[in-house]
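Asks: The structure file protein.cif (mmCIF, C-alpha atoms) is provided below.
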data_structure
#
loop_
_atom_site.label_atom_id
_atom_site.label_comp_id
_atom_site.auth_asym_id
_atom_site.auth_seq_id
_atom_site.Cartn_x
_atom_site.Cartn_y
_atom_site.Cartn_z
CA MET U 1 232.38 83.84 26.86
CA ALA U 2 230.32 80.87 25.80
CA THR U 3 230.83 79.58 22.33
CA LYS U 4 229.81 76.54 20.35
CA LYS U 5 232.67 74.05 20.23
CA SER U 6 232.60 72.82 16.64
CA THR U 7 230.29 72.39 13.69
CA LYS U 8 230.45 68.64 14.19
CA LYS U 9 229.28 69.02 17.78
CA ALA U 10 226.57 71.41 16.66
CA GLN U 11 224.97 68.63 14.65
CA SER U 12 224.53 66.55 17.79
CA ASN U 13 221.32 66.41 19.77
CA THR U 14 222.33 68.80 22.50
CA ILE U 15 223.18 72.46 22.27
CA VAL U 16 226.85 72.91 23.10
CA LEU U 17 228.13 76.05 24.81
CA GLU U 18 231.58 76.57 26.24
CA LEU U 19 230.72 76.60 29.92
CA ASN U 20 232.55 74.68 32.61
CA ALA U 21 231.90 70.93 32.98
CA GLU U 22 229.57 71.30 35.95
CA GLN U 23 227.48 73.99 34.24
CA THR U 24 227.26 71.97 31.01
CA GLU U 25 226.10 68.93 32.95
CA LEU U 26 223.42 70.97 34.70
CA LEU U 27 222.11 72.32 31.39
CA ALA U 28 222.08 68.83 29.93
CA ASN U 29 219.42 67.98 32.54
CA ILE U 30 217.01 70.57 31.19
CA PRO U 31 215.28 68.76 28.31
CA TRP U 32 213.64 71.83 26.74
CA PHE U 33 216.93 73.72 26.73
CA ASN U 34 218.49 71.00 24.59
CA LYS U 35 215.65 70.86 22.10
CA ARG U 36 216.05 72.99 19.02
CA TYR U 37 212.84 74.71 18.02
CA LEU U 38 212.95 73.64 14.38
CA LEU U 39 210.16 73.14 11.89
CA PRO U 40 210.21 70.68 8.98
CA GLY U 41 212.61 71.99 6.34
CA GLU U 42 214.66 74.16 8.72
CA SER U 43 218.33 73.32 9.13
CA VAL U 44 220.13 72.44 12.34
CA SER U 45 223.31 74.24 11.26
CA ASP U 46 221.45 77.50 10.50
CA TYR U 47 219.87 77.31 13.93
CA ASP U 48 223.22 76.76 15.63
CA ILE U 49 225.05 79.44 13.63
CA ASP U 50 222.42 82.05 14.53
CA LEU U 51 222.47 80.99 18.18
CA GLN U 52 226.25 81.24 18.18
CA ARG U 53 226.11 84.83 16.84
CA LEU U 54 223.66 85.78 19.54
CA VAL U 55 225.73 84.10 22.26
CA GLU U 56 228.74 86.13 21.16
CA SER U 57 226.92 89.44 20.93
CA ILE U 58 225.20 89.13 24.31
CA GLU U 59 228.32 87.72 26.04
CA VAL U 60 226.86 84.69 27.78
CA LYS U 61 228.66 84.10 31.07
CA ASP U 62 226.72 81.32 32.79
CA PRO U 63 223.90 78.77 32.31
CA LEU U 64 221.16 81.24 33.30
CA ASP U 65 222.36 83.66 30.63
CA ALA U 66 222.43 80.77 28.17
CA ILE U 67 218.79 79.88 28.91
CA LEU U 68 217.64 83.46 28.38
CA VAL U 69 219.69 83.85 25.19
CA LYS U 70 218.18 80.67 23.78
CA ASP U 71 214.72 82.08 24.58
CA ILE U 72 215.61 85.21 22.61
CA HIS U 73 216.94 83.10 19.75
CA ASP U 74 213.72 81.08 19.53
CA GLU U 75 211.61 84.23 19.64
CA LEU U 76 213.71 85.85 16.89
CA ARG U 77 213.30 82.80 14.69
CA GLU U 78 209.55 82.98 15.26
CA VAL U 79 209.68 86.63 14.17
CA GLN U 80 211.51 85.57 10.99
CA ARG U 81 208.91 82.88 10.27
CA MET U 82 206.07 85.35 10.79
CA ARG U 83 207.75 87.91 8.51
CA ALA U 84 208.19 85.27 5.80
CA LEU U 85 204.54 84.29 6.16
CA ARG U 86 203.52 87.95 5.96
CA GLN U 87 205.49 88.40 2.75
CA SER U 88 203.96 85.29 1.27
CA ILE U 89 200.39 86.40 2.18
CA LEU U 90 201.03 89.80 0.61
CA LEU U 91 202.40 88.27 -2.60
CA ARG U 92 199.43 85.90 -2.78
CA GLY U 93 197.09 88.85 -2.35
CA MET U 94 198.87 90.75 -5.15
CA ALA U 95 198.74 87.73 -7.45
CA GLU U 96 195.05 87.26 -6.68
CA LYS U 97 194.22 90.89 -7.39
CA LEU U 98 196.25 90.98 -10.61
CA GLY U 99 194.65 87.71 -11.73
CA ARG U 100 191.23 89.28 -11.15
CA LEU U 101 192.13 92.41 -13.11
CA LEU U 102 193.45 90.35 -15.99
CA ARG U 103 190.52 87.99 -16.31
CA ALA U 104 188.20 88.37 -19.25
CA PRO U 105 184.72 89.85 -18.67
CA TYR U 106 182.21 87.20 -17.47
CA ASP U 107 185.08 84.85 -16.66
CA PHE U 108 184.90 83.27 -13.18
CA GLU U 109 188.50 82.09 -13.03
CA ASN U 110 191.40 84.47 -12.37
CA ASP U 111 194.02 84.76 -15.10
CA PRO U 112 196.67 82.11 -14.26
CA ARG U 113 199.51 84.27 -15.70
CA ALA U 114 199.50 86.38 -12.53
CA ILE U 115 200.06 83.38 -10.23
CA VAL U 116 202.83 82.06 -12.50
CA ALA U 117 204.63 85.43 -12.58
CA PHE U 118 204.40 85.94 -8.80
CA THR U 119 205.49 82.37 -8.06
CA GLU U 120 208.56 82.96 -10.26
CA TRP U 121 209.21 86.26 -8.51
CA GLU U 122 208.93 84.67 -5.06
CA ARG U 123 211.47 82.04 -6.08
CA SER U 124 213.96 84.58 -7.35
CA ALA U 125 213.77 88.37 -7.11
CA GLU U 126 214.90 88.94 -10.72
CA GLN U 127 212.83 86.27 -12.38
CA GLY U 128 209.19 86.98 -12.95
CA TYR U 129 209.61 90.72 -12.33
CA GLU U 130 209.63 91.58 -16.04
CA ASP U 131 206.51 89.45 -16.54
CA ILE U 132 204.75 91.19 -13.65
CA LEU U 133 205.62 94.62 -15.10
CA SER U 134 204.20 93.72 -18.50
CA LEU U 135 201.03 92.32 -16.88
CA LEU U 136 200.68 95.53 -14.85
CA GLU U 137 200.95 97.54 -18.08
CA GLU U 138 198.28 95.37 -19.65
CA VAL U 139 195.76 96.36 -16.97
CA ASP U 140 197.15 99.88 -16.60
CA THR U 141 197.99 99.78 -12.91
CA THR U 142 201.08 100.18 -10.76
CA MET U 143 202.87 97.93 -8.28
CA GLY U 144 201.97 100.37 -5.45
CA ALA U 145 198.28 100.28 -6.28
CA LEU U 146 198.38 96.49 -6.52
CA MET U 147 200.05 96.26 -3.13
CA ALA U 148 197.43 98.55 -1.57
CA ASP U 149 194.69 96.34 -3.01
CA ALA U 150 196.43 93.24 -1.69
CA PHE U 151 196.53 94.81 1.78
CA SER U 152 192.78 95.34 1.82
CA LEU U 153 192.17 91.88 0.34
CA LYS U 154 194.20 90.12 3.04
CA LEU U 155 193.60 92.66 5.79
CA LYS U 156 192.30 90.23 8.43
CA SER U 157 195.19 87.78 8.10
CA LEU U 158 197.77 90.56 7.95
CA GLN U 159 196.35 92.23 11.06
CA GLN U 160 196.40 88.94 12.98
CA LEU U 161 199.92 88.32 11.81
CA ASP U 162 201.03 91.78 12.95
CA VAL U 163 199.62 91.05 16.41
CA GLN U 164 201.69 87.85 16.52
CA LEU U 165 204.77 89.65 15.28
CA SER U 166 204.54 92.34 17.94
CA ARG U 167 203.95 89.68 20.59
CA HIS U 168 207.23 87.94 19.72
CA GLU U 169 209.14 91.21 19.37
CA LYS U 170 207.90 92.23 22.82
CA ASN U 171 209.04 88.88 24.21
CA VAL U 172 212.54 89.56 22.84
CA ARG U 173 212.64 92.98 24.50
CA GLU U 174 211.36 91.59 27.81
CA THR U 175 213.97 88.81 27.81
CA LEU U 176 216.75 91.30 27.08
CA LYS U 177 215.54 93.30 30.07
CA MET U 178 215.73 90.15 32.23
CA ILE U 179 219.38 89.68 31.20
CA ASP U 180 220.14 93.34 31.96
CA THR U 181 218.37 93.19 35.33
CA ARG U 182 220.44 90.18 36.33
CA HIS U 183 223.74 91.66 35.06
CA ASN U 184 223.12 95.02 36.77
CA HIS U 185 222.30 93.25 40.02
CA LYS U 186 225.48 91.20 39.77
CA LEU U 187 227.53 94.32 39.05
CA MET U 188 225.97 96.18 41.95
CA ARG U 189 226.62 93.25 44.28
CA GLN U 190 230.27 93.14 43.17
CA ARG U 191 230.61 96.88 43.81
CA ILE U 192 229.07 96.61 47.27
CA GLU U 193 231.32 93.65 48.10
CA PHE U 194 234.32 95.63 46.82
CA ASP U 195 233.37 98.67 48.94
CA LEU U 196 232.86 96.49 52.03
CA GLU U 197 236.22 94.84 51.47
CA GLN U 198 237.88 98.26 51.13
CA ASP U 199 236.22 99.44 54.34
CA ARG U 200 237.37 96.27 56.09
CA GLN U 201 240.94 96.76 54.85
CA LYS U 202 240.85 100.40 55.93
CA LEU U 203 239.58 99.41 59.37
CA ILE U 204 242.35 96.85 59.74
CA ALA U 205 244.91 99.44 58.61
CA ASP U 206 243.51 102.05 61.05
CA GLN U 207 243.58 99.52 63.87
CA SER U 208 247.17 98.55 63.15
CA ASP U 209 248.14 102.25 62.97
CA GLY U 210 246.51 102.80 66.39
CA ASP U 211 248.44 99.91 67.86
CA MET L 1 180.08 90.45 37.59
CA ALA L 2 177.31 87.84 37.24
CA THR L 3 175.16 87.09 40.28
CA GLU L 4 174.55 83.54 41.57
CA LYS L 5 171.06 83.61 40.01
CA GLN L 6 172.48 84.62 36.61
CA LYS L 7 175.12 81.91 36.83
CA GLN L 8 172.44 79.29 37.53
CA ALA L 9 170.35 80.59 34.61
CA ASN L 10 173.39 80.43 32.30
CA LYS L 11 174.04 76.86 33.39
CA ILE L 12 170.46 75.78 32.65
CA ASN L 13 170.47 77.55 29.28
CA ALA L 14 173.78 75.94 28.33
CA GLN L 15 172.43 72.48 29.19
CA GLN L 16 169.52 73.07 26.83
CA SER L 17 171.83 73.98 23.94
CA SER L 18 171.84 71.51 21.10
CA GLY L 19 175.42 72.38 20.14
CA PRO L 20 176.77 73.80 16.91
CA GLN L 21 174.48 73.51 13.90
CA SER L 22 176.56 74.60 10.90
CA SER L 23 179.37 72.46 9.50
CA GLN L 24 181.81 75.29 10.27
CA GLY L 25 180.61 75.38 13.88
CA LYS L 26 180.93 71.63 14.20
CA GLN L 27 184.42 71.77 12.74
CA ARG L 28 185.42 74.46 15.22
CA SER L 29 183.96 72.66 18.22
CA SER L 30 185.67 69.43 17.14
CA ILE L 31 188.99 70.94 18.21
CA ASN L 32 187.68 72.27 21.54
CA ALA L 33 189.04 69.30 23.41
CA GLU L 34 192.43 69.60 21.76
CA SER L 35 194.73 69.73 24.72
CA HIS L 36 197.96 71.69 25.00
CA GLY L 37 198.09 71.15 28.77
CA LEU L 38 198.89 74.80 29.45
CA ASN L 39 196.05 75.14 31.96
CA LYS L 40 197.21 72.19 34.02
CA SER L 41 199.04 73.01 37.22
CA MET L 42 202.66 72.00 37.06
CA ASN L 43 203.78 69.03 39.10
CA THR L 44 207.31 70.08 39.93
CA LEU L 45 208.09 66.69 41.45
CA ILE L 46 207.95 64.98 38.06
CA GLN L 47 209.86 67.77 36.35
CA PRO L 48 213.51 67.32 37.25
CA GLU L 49 214.52 70.40 35.26
CA VAL L 50 212.73 72.58 37.82
CA ALA L 51 215.09 71.30 40.52
CA VAL L 52 218.09 71.93 38.26
CA LEU L 53 216.96 75.46 37.50
CA GLN L 54 216.21 76.06 41.17
CA SER L 55 219.78 75.11 42.05
CA LEU L 56 221.12 77.46 39.35
CA PHE L 57 219.15 80.36 40.81
CA GLU L 58 220.21 79.43 44.34
CA ASP L 59 223.84 79.43 43.20
CA ASP L 60 223.13 82.91 41.88
CA GLY L 61 222.43 84.01 45.45
CA LEU L 62 218.62 83.82 45.53
CA PRO L 63 216.64 82.34 48.43
CA SER L 64 214.95 79.01 47.62
CA ASP L 65 211.39 80.34 47.41
CA GLN L 66 212.38 82.88 44.74
CA ALA L 67 214.57 80.30 43.02
CA ILE L 68 211.73 77.80 42.69
CA GLU L 69 209.30 80.48 41.47
CA LEU L 70 211.74 81.48 38.72
CA ALA L 71 212.42 77.84 37.83
CA GLU L 72 208.71 77.14 37.43
CA ALA L 73 208.19 80.30 35.41
CA HIS L 74 210.98 79.28 33.00
CA SER L 75 209.41 75.84 32.61
CA ALA L 76 206.00 77.41 31.97
CA ARG L 77 207.50 79.54 29.21
CA ALA L 78 209.10 76.49 27.66
CA ARG L 79 205.73 74.75 27.66
CA VAL L 80 204.14 77.65 25.77
CA ARG L 81 206.94 77.49 23.20
CA ALA L 82 206.38 73.76 22.77
CA ALA L 83 202.67 74.42 22.22
CA ARG L 84 203.51 77.03 19.56
CA LYS L 85 205.77 74.56 17.79
CA GLN L 86 202.98 72.00 17.92
CA ALA L 87 200.64 74.57 16.33
CA TRP L 88 203.04 75.06 13.39
CA GLU L 89 203.56 71.33 12.98
CA SER L 90 199.89 70.43 13.25
CA ILE L 91 199.18 72.80 10.38
CA LEU L 92 202.13 71.75 8.24
CA SER L 93 201.26 68.07 8.51
CA SER L 94 197.53 68.38 8.94
CA GLN L 95 195.28 65.85 7.22
CA GLU L 96 192.47 68.35 7.61
CA MET L 97 194.31 70.59 5.13
CA ASP L 98 195.34 67.74 2.84
CA PRO L 99 193.24 68.07 -0.33
CA ASP L 100 193.27 64.27 -0.74
CA GLU L 101 191.90 63.67 2.75
CA ARG L 102 189.58 66.59 3.38
CA GLY L 103 186.01 66.00 2.30
CA ARG L 104 186.62 62.39 1.30
CA PHE L 105 183.14 61.37 2.50
CA SER L 106 181.41 64.72 2.15
CA GLU L 107 179.07 63.29 -0.47
CA ALA L 108 178.91 59.72 0.80
CA SER L 109 175.46 58.10 0.84
CA PRO L 110 173.75 57.27 4.18
CA GLU L 111 173.93 53.58 3.20
CA PHE L 112 177.69 53.75 2.72
CA LEU L 113 178.13 55.50 6.08
CA ALA L 114 175.92 52.94 7.83
CA GLU L 115 178.06 50.17 6.32
CA MET L 116 181.23 51.92 7.55
CA ASP L 117 179.72 52.28 11.05
CA GLN L 118 179.03 48.57 11.08
CA THR L 119 182.54 47.67 9.87
CA VAL L 120 184.26 49.94 12.41
CA GLY L 121 181.84 49.09 15.20
CA GLY L 122 180.15 52.42 15.92
CA LYS L 123 179.88 56.05 14.87
CA GLU L 124 182.93 57.18 16.80
CA TRP L 125 185.17 57.22 13.73
CA GLN L 126 183.06 60.06 12.34
CA THR L 127 183.92 62.29 15.30
CA ILE L 128 187.58 61.31 15.20
CA LEU L 129 187.85 62.21 11.51
CA PRO L 130 185.66 65.32 11.18
CA TYR L 131 187.62 66.60 8.17
CA PHE L 132 186.33 63.66 6.09
CA PHE L 133 182.95 65.37 6.13
CA LEU L 134 184.02 68.95 5.43
CA LYS L 135 183.48 70.62 2.09
CA PRO L 136 186.53 69.81 -0.06
CA PHE L 137 188.75 72.68 -1.20
CA SER L 138 187.73 73.91 -4.61
CA ASN L 139 191.24 75.10 -5.45
CA GLU L 140 194.74 75.58 -4.03
CA LYS L 141 194.07 79.22 -3.16
CA GLU L 142 191.20 78.22 -0.90
CA ARG L 143 193.39 75.60 0.78
CA VAL L 144 196.27 78.02 1.41
CA ASP L 145 193.87 80.65 2.79
CA GLU L 146 192.32 78.10 5.15
CA VAL L 147 195.75 76.90 6.31
CA THR L 148 196.80 80.50 7.07
CA ILE L 149 193.60 81.38 8.93
CA THR L 150 193.62 78.17 10.99
CA PHE L 151 197.28 78.63 11.86
CA LEU L 152 196.84 82.25 12.93
CA ASP L 153 193.81 81.30 14.98
CA LYS L 154 195.78 78.60 16.81
CA GLN L 155 198.61 81.05 17.49
CA ARG L 156 196.17 83.72 18.69
CA ARG L 157 194.65 81.29 21.18
CA LEU L 158 198.09 80.66 22.66
CA ASN L 159 198.82 84.36 23.17
CA ARG L 160 197.26 84.64 26.61
CA TYR L 161 199.47 81.83 27.91
CA ASP L 162 202.49 83.50 26.34
CA VAL L 163 201.67 86.89 27.86
CA LYS L 164 201.16 85.28 31.28
CA ALA L 165 204.39 83.26 31.11
CA VAL L 166 206.60 86.16 30.00
CA SER L 167 205.07 88.78 32.32
CA THR L 168 205.35 86.42 35.32
CA LEU L 169 208.98 85.74 34.49
CA SER L 170 209.69 89.43 34.00
CA LYS L 171 208.11 90.37 37.34
CA LEU L 172 210.01 87.62 39.14
CA TYR L 173 213.32 88.78 37.65
CA LYS L 174 212.63 92.36 38.72
CA LYS L 175 211.70 91.22 42.23
CA ALA L 176 214.62 88.81 42.63
CA TYR L 177 217.32 91.00 41.12
CA LYS L 178 216.25 94.45 42.28
CA THR L 179 219.24 96.74 42.70
#
Would you mind writing the file's structure down as structure tokens?

Replies:
Amino acid sequence: MATKKSTKKAQSNTIVLELNAEQTELLANIPWFNKRYLLPGESVSDYDIDLQRLVESIEVKDPLDAILVKDIHDELREVQRMRALRQSILLRGMAEKLGRLLRAPYDFENDPRAIVAFTEWERSAEQGYEDILSLLEEVDTTMGALMADAFSLKLKSLQQLDVQLSRHEKNVRETLKMIDTRHNHKLMRQRIEFDLEQDRQKLIADQSDGD
Amino acid sequence: MATEKQKQANKINAQQSSGPQSSQGKQRSSINAESHGLNKSMNTLIQPEVAVLQSLFEDDGLPSDQAIELAEAHSARARVRAARKQAWESILSSQEMDPDERGRFSEASPEFLAEMDQTVGGKEWQTILPYFFLKPFSNEKERVDEVTITFLDKQRRLNRYDVKAVSTLSKLYKKAYKT
């Protein structure tokens, strides 16, 4: 099973998996395999820890498995980014709607208290929640209704985001299928080779019996 | 399917077009030439990783034609991923979305612009920096909305390359490793 050697190694520029020396050297010659798909602010160790978990759960046996597992890992991280973006769009929509409901008649600007409360809430789940509840009471609405309004307010972005999300989720499923196809083929080949070897042994045994 | 005559007519009509008129249209067309290189055919000779991947597939018992097809398909997928990363980064560090940069010269006088043209030595700088002439963001909400929409649009435009790369790879795996 391939595993990452150490945390210290994980911080290096190449992705380290416990394959044999020849296989490791081959993978080192694939530049895009050794590049971590990281965005500004994302941590190298988080990336490597998640990759390690995946490597262990899928049981990587050779470099080709490792390439496919890294593909899955990068797709899953993209899914996480898209989900975070979705959450943030939804919260922005809710803050916008609440700000609109709270603003005084004939006022063009949304009430800033809504943005402040939602920003606090986004930072920490407990903080800001009480403030949001009291603001909701002030305009006599519920969190569910606010969320429904936010959905219609940000519908276009959310729909586009859902398309992206399903694209990456599909890529994960397809890549898992590629791994399965290869493993099944390998297994089948081993079985056939085993059967052929048994037949050969039987033939030899029969021949020696005949002699 | 368009006939030859229709194609000719389309060509003539397109040549007579005066291009985008609105500032939004101009902004959109300014990124038309932005190149991700995903349409270029791959030169496997200058991509040593293709040879490495080919040898890995050959070691896995595949004939060389299937091995090279799979190697190229993996490289194509990696190129799409790199383009997606570039799309994220270009938005995160975009000057177009920087409230201090966007719209810097949106209200500049013709005299000032003429002086700038003279200093720089031509009008080219105006096409290189189209965001200097866009309407500035009126608030942070508008900026964040624009960032989100532009990002999603960039990602959406990459989808067809992604679909092609993954489906090609999937078909090749099925063909090569059929049981």

Asks: Using all atoms listed in the file, select each residue of chain U with any atom at most 10 Å away from an atom of chain L, and give the selection as a PyMOL selection string.

Replies: chain U and resi 23+26-33+35+37-40+62-64+67-68+71+74-75+78+82+85+89+92+96+154+156-158+160-161+163-164+167-168+170-172+174-175+177-189

Asks: Between CA of Glu69 (chain L) and CA of Thr168 (chain L), what is the distance, to one decimal in Å?

Replies: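 Atom-to-atom, CA of Glu69 (chain L) and CA of Thr168 (chain L) are spaced 9.4 Å apart.
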
Asks: So how far away is CA of Pro130 (chain L) from CA of Arg102 (chain L), in Å?

Replies: 8.8 Å

Asks: Rounded to one decimal, what separation in Å do you get between CA of Glu193 (chain U) and CA of Leu19 (chain U)?

Replies: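 Those two atoms sit 24.9 Å apart.
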
Asks: Given the file shown, enumerate the residues that the PyMOL selection byres ((chain U and resi 94) around 8) captures and present them as an NGL selection string.

Replies: :U and (90-93 or 95-98 or 146-147 or 149-150)

Asks: List, as number ranges by chain, every residue that the PyMOL selection byres ((chain L and resi 67) around 8) selects in the file provided.

Replies: L: 53-55, 57-58, 62-66, 68-71

Asks: Which residues fall under the PyMOL selection byres ((chain L and resi 96) around 12) in this file, as a VMD selection string?

Replies: chain L and resid 27 30 to 31 90 to 95 97 to 104 128 to 137 143 146 to 147 150

Asks: Output C-alpha atoms for every residue in the selection just made, as a PDB file, keeping the file's coordinate frame.

Replies:
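For reference, again21.pdb as written:
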ATOM      1  CA  GLN L  27     184.420  71.770  12.740  1.00  0.00           C
ATOM      2  CA  SER L  30     185.670  69.430  17.140  1.00  0.00           C
ATOM      3  CA  ILE L  31     188.990  70.940  18.210  1.00  0.00           C
ATOM      4  CA  SER L  90     199.890  70.430  13.250  1.00  0.00           C
ATOM      5  CA  ILE L  91     199.180  72.800  10.380  1.00  0.00           C
ATOM      6  CA  LEU L  92     202.130  71.750   8.240  1.00  0.00           C
ATOM      7  CA  SER L  93     201.260  68.070   8.510  1.00  0.00           C
ATOM      8  CA  SER L  94     197.530  68.380   8.940  1.00  0.00           C
ATOM      9  CA  GLN L  95     195.280  65.850   7.220  1.00  0.00           C
ATOM     10  CA  MET L  97     194.310  70.590   5.130  1.00  0.00           C
ATOM     11  CA  ASP L  98     195.340  67.740   2.840  1.00  0.00           C
ATOM     12  CA  PRO L  99     193.240  68.070  -0.330  1.00  0.00           C
ATOM     13  CA  ASP L 100     193.270  64.270  -0.740  1.00  0.00           C
ATOM     14  CA  GLU L 101     191.900  63.670   2.750  1.00  0.00           C
ATOM     15  CA  ARG L 102     189.580  66.590   3.380  1.00  0.00           C
ATOM     16  CA  GLY L 103     186.010  66.000   2.300  1.00  0.00           C
ATOM     17  CA  ARG L 104     186.620  62.390   1.300  1.00  0.00           C
ATOM     18  CA  ILE L 128     187.580  61.310  15.200  1.00  0.00           C
ATOM     19  CA  LEU L 129     187.850  62.210  11.510  1.00  0.00           C
ATOM     20  CA  PRO L 130     185.660  65.320  11.180  1.00  0.00           C
ATOM     21  CA  TYR L 131     187.620  66.600   8.170  1.00  0.00           C
ATOM     22  CA  PHE L 132     186.330  63.660   6.090  1.00  0.00           C
ATOM     23  CA  PHE L 133     182.950  65.370   6.130  1.00  0.00           C
ATOM     24  CA  LEU L 134     184.020  68.950   5.430  1.00  0.00           C
ATOM     25  CA  LYS L 135     183.480  70.620   2.090  1.00  0.00           C
ATOM     26  CA  PRO L 136     186.530  69.810  -0.060  1.00  0.00           C
ATOM     27  CA  PHE L 137     188.750  72.680  -1.200  1.00  0.00           C
ATOM     28  CA  ARG L 143     193.390  75.600   0.780  1.00  0.00           C
ATOM     29  CA  GLU L 146     192.320  78.100   5.150  1.00  0.00           C
ATOM     30  CA  VAL L 147     195.750  76.900   6.310  1.00  0.00           C
ATOM     31  CA  THR L 150     193.620  78.170  10.990  1.00  0.00           C
TER      32      THR L 150
END
